[in-house]
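What follows is the content of my_file37.pdb (PDB, C-alpha atoms, pLDDT in the B column).
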```
ATOM      1  CA  MET W 580     -11.907 272.196 -93.912  1.00 91.00           C
ATOM      2  CA  LYS W 581     -10.748 273.183 -90.434  1.00 93.00           C
ATOM      3  CA  ILE W 582      -9.816 270.762 -87.684  1.00 96.00           C
ATOM      4  CA  PHE W 583     -10.365 271.691 -84.037  1.00 97.00           C
ATOM      5  CA  MET W 584      -8.802 269.716 -81.194  1.00 96.00           C
ATOM      6  CA  ASP W 585     -10.802 269.044 -78.040  1.00 94.00           C
ATOM      7  CA  GLY W 586      -8.479 269.686 -75.102  1.00 93.00           C
ATOM      8  CA  ALA W 587      -6.663 272.116 -72.858  1.00 93.00           C
ATOM      9  CA  ASN W 588      -3.086 270.820 -72.649  1.00 94.00           C
ATOM     10  CA  CYS W 589      -1.189 273.784 -74.079  1.00 94.00           C
ATOM     11  CA  ASP W 590       1.942 271.759 -74.891  1.00 95.00           C
ATOM     12  CA  VAL W 591      -0.090 269.311 -76.990  1.00 96.00           C
ATOM     13  CA  LEU W 592      -2.076 272.114 -78.616  1.00 96.00           C
ATOM     14  CA  GLN W 593       1.116 273.954 -79.546  1.00 97.00           C
ATOM     15  CA  HIS W 594       2.660 270.779 -80.997  1.00 97.00           C
ATOM     16  CA  TYR W 595      -0.266 270.030 -83.313  1.00 97.00           C
ATOM     17  CA  ARG W 596      -0.670 273.699 -84.186  1.00 96.00           C
ATOM     18  CA  ARG W 597       2.985 273.942 -85.268  1.00 95.00           C
ATOM     19  CA  LEU W 598       2.531 270.848 -87.413  1.00 96.00           C
ATOM     20  CA  GLY W 599      -0.404 272.590 -89.104  1.00 95.00           C
ATOM     21  CA  LEU W 600      -2.807 269.827 -88.124  1.00 96.00           C
ATOM     22  CA  ILE W 601      -5.261 271.955 -86.133  1.00 97.00           C
ATOM     23  CA  GLN W 602      -6.750 275.379 -86.684  1.00 96.00           C
ATOM     24  CA  GLY W 603      -8.302 275.798 -83.273  1.00 97.00           C
ATOM     25  CA  VAL W 604      -9.357 274.198 -80.023  1.00 97.00           C
ATOM     26  CA  THR W 605     -12.630 273.403 -78.292  1.00 96.00           C
ATOM     27  CA  THR W 606     -12.968 273.304 -74.521  1.00 92.00           C
ATOM     28  CA  ASN W 607     -15.638 272.726 -71.917  1.00 86.00           C
ATOM     29  CA  PRO W 608     -15.888 272.896 -68.110  1.00 84.00           C
ATOM     30  CA  GLU W 609     -14.959 269.209 -67.699  1.00 86.00           C
ATOM     31  CA  ILE W 610     -11.753 269.647 -69.709  1.00 86.00           C
ATOM     32  CA  PHE W 611     -10.855 272.701 -67.637  1.00 82.00           C
ATOM     33  CA  GLY W 612     -11.168 270.583 -64.496  1.00 82.00           C
ATOM     34  CA  LEU W 613      -8.616 268.126 -65.865  1.00 84.00           C
ATOM     35  CA  PHE W 614      -6.022 270.731 -66.849  1.00 83.00           C
ATOM     36  CA  ALA W 615      -6.561 273.470 -64.250  1.00 78.00           C
ATOM     37  CA  VAL W 616      -3.515 275.660 -63.637  1.00 76.00           C
ATOM     38  CA  SER W 617      -5.187 277.511 -60.751  1.00 78.00           C
ATOM     39  CA  LYS W 618      -8.536 277.766 -59.014  1.00 82.00           C
ATOM     40  CA  ASN W 619      -9.587 280.338 -61.616  1.00 84.00           C
ATOM     41  CA  PRO W 620     -10.496 278.669 -64.957  1.00 84.00           C
ATOM     42  CA  LEU W 621      -9.836 281.955 -66.763  1.00 87.00           C
ATOM     43  CA  ASP W 622      -6.108 281.510 -66.055  1.00 90.00           C
ATOM     44  CA  LEU W 623      -6.095 278.354 -68.176  1.00 91.00           C
ATOM     45  CA  LEU W 624      -8.233 279.960 -70.865  1.00 92.00           C
ATOM     46  CA  LYS W 625      -5.803 282.903 -71.100  1.00 93.00           C
ATOM     47  CA  LYS W 626      -2.952 280.422 -71.546  1.00 94.00           C
ATOM     48  CA  ILE W 627      -4.871 278.570 -74.277  1.00 95.00           C
ATOM     49  CA  VAL W 628      -5.693 281.823 -76.103  1.00 96.00           C
ATOM     50  CA  ALA W 629      -2.008 282.808 -76.003  1.00 96.00           C
ATOM     51  CA  THR W 630      -0.967 279.361 -77.255  1.00 95.00           C
ATOM     52  CA  MET W 631      -3.428 279.376 -80.132  1.00 96.00           C
ATOM     53  CA  GLU W 632      -2.512 282.952 -81.201  1.00 93.00           C
ATOM     54  CA  GLU W 633      -4.733 283.662 -84.233  1.00 94.00           C
ATOM     55  CA  ASP W 634      -6.576 280.333 -84.225  1.00 96.00           C
ATOM     56  CA  PHE W 635     -10.090 279.861 -82.884  1.00 96.00           C
ATOM     57  CA  VAL W 636     -10.751 278.964 -79.256  1.00 97.00           C
ATOM     58  CA  PHE W 637     -14.216 277.596 -78.487  1.00 97.00           C
ATOM     59  CA  ALA W 638     -15.145 278.071 -74.818  1.00 95.00           C
ATOM     60  CA  GLN W 639     -18.344 276.896 -73.163  1.00 93.00           C
ATOM     61  CA  VAL W 640     -20.211 278.890 -70.549  1.00 92.00           C
ATOM     62  CA  ALA W 641     -20.974 277.112 -67.285  1.00 89.00           C
ATOM     63  CA  GLY W 642     -23.827 279.241 -65.914  1.00 90.00           C
ATOM     64  CA  LYS W 643     -27.130 277.545 -65.181  1.00 92.00           C
ATOM     65  CA  ASP W 644     -29.455 280.415 -66.117  1.00 95.00           C
ATOM     66  CA  VAL W 645     -29.678 282.653 -69.172  1.00 96.00           C
ATOM     67  CA  ASP W 646     -28.542 285.869 -67.467  1.00 96.00           C
ATOM     68  CA  THR W 647     -25.446 284.197 -66.026  1.00 95.00           C
ATOM     69  CA  GLN W 648     -24.635 282.578 -69.376  1.00 95.00           C
ATOM     70  CA  VAL W 649     -24.914 285.899 -71.215  1.00 96.00           C
ATOM     71  CA  GLU W 650     -22.613 287.647 -68.725  1.00 96.00           C
ATOM     72  CA  GLU W 651     -20.107 284.784 -68.929  1.00 93.00           C
ATOM     73  CA  ALA W 652     -20.252 284.847 -72.716  1.00 95.00           C
ATOM     74  CA  LYS W 653     -19.497 288.579 -72.766  1.00 96.00           C
ATOM     75  CA  ARG W 654     -16.455 288.109 -70.486  1.00 94.00           C
ATOM     76  CA  LEU W 655     -15.165 285.194 -72.551  1.00 94.00           C
ATOM     77  CA  PHE W 656     -15.686 286.958 -75.874  1.00 95.00           C
ATOM     78  CA  ALA W 657     -13.715 289.956 -74.582  1.00 95.00           C
ATOM     79  CA  MET W 658     -10.635 287.726 -74.286  1.00 94.00           C
ATOM     80  CA  GLY W 659      -9.887 288.047 -77.969  1.00 93.00           C
ATOM     81  CA  PRO W 660     -11.141 288.261 -81.540  1.00 95.00           C
ATOM     82  CA  TYR W 661     -10.828 284.505 -82.091  1.00 96.00           C
ATOM     83  CA  MET W 662     -13.081 283.478 -79.222  1.00 97.00           C
ATOM     84  CA  VAL W 663     -16.164 281.425 -80.093  1.00 97.00           C
ATOM     85  CA  ILE W 664     -18.674 280.959 -77.307  1.00 96.00           C
ATOM     86  CA  LYS W 665     -20.549 277.678 -76.816  1.00 93.00           C
ATOM     87  CA  VAL W 666     -23.829 277.763 -74.888  1.00 88.00           C
TER      88      VAL W 666
END
```
When written as structure tokens, how does the structure in this file appear?
Amino acid sequence: MKIFMDGANCDVLQHYRRLGLIQGVTTNPEIFGLFAVSKNPLDLLKKIVATMEEDFVFAQVAGKDVDTQVEEAKRLFAMGPYMVIKV
């Protein structure tokens, strides 16, 4: 069984990861709004990916149409081998 934490606070994620309690993180646009480190949500996602190292990071696309979602998904997936895209 794997446990994934829903959040974007890198300090909290790192704490639970070090304890071995989580094996990844799930995020969504609302969570990014709460923990934004800049106006660009990718800055926070990069920080989360670095924090989680070789654990899974689930990121949700925000586009409203299929073409936009596909392009977003490609950009997100390119951020690392442990990215999982939510549509």
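Between Val645 of chain W and the candidates W:Val666, W:Ile582, W:Leu600, W:Ala657, the tightest atom-to-atom separation, counting all atoms listed in the file, involves W:Val666.
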With distances taken over all atoms listed in the file, the candidate from W:Gly642, W:Met584, W:Leu624, W:Asn619 nearest Arg596 of chain W is W:Met584
Please, which residues are within 9 Å of (-10.4, 271.7, -90.5) by the file's coordinates, counting all atoms listed in the file, and could they come as a ChimeraX atom specification? /W:580-583,600-603
Applying 12 Å and all atoms listed in the file, which residues near segment 635-638 of chain W remain after dropping the ones on its own chain fewer than 4 positions away? List them as an MDAnalysis selection string. chainID W and resid 581:587 592 596 601:611 620:621 623:631 648 651:666
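Between atom CA of Glu632 of chain W and atom CA of Leu613 of chain W there is a distance of 22.2 Å.
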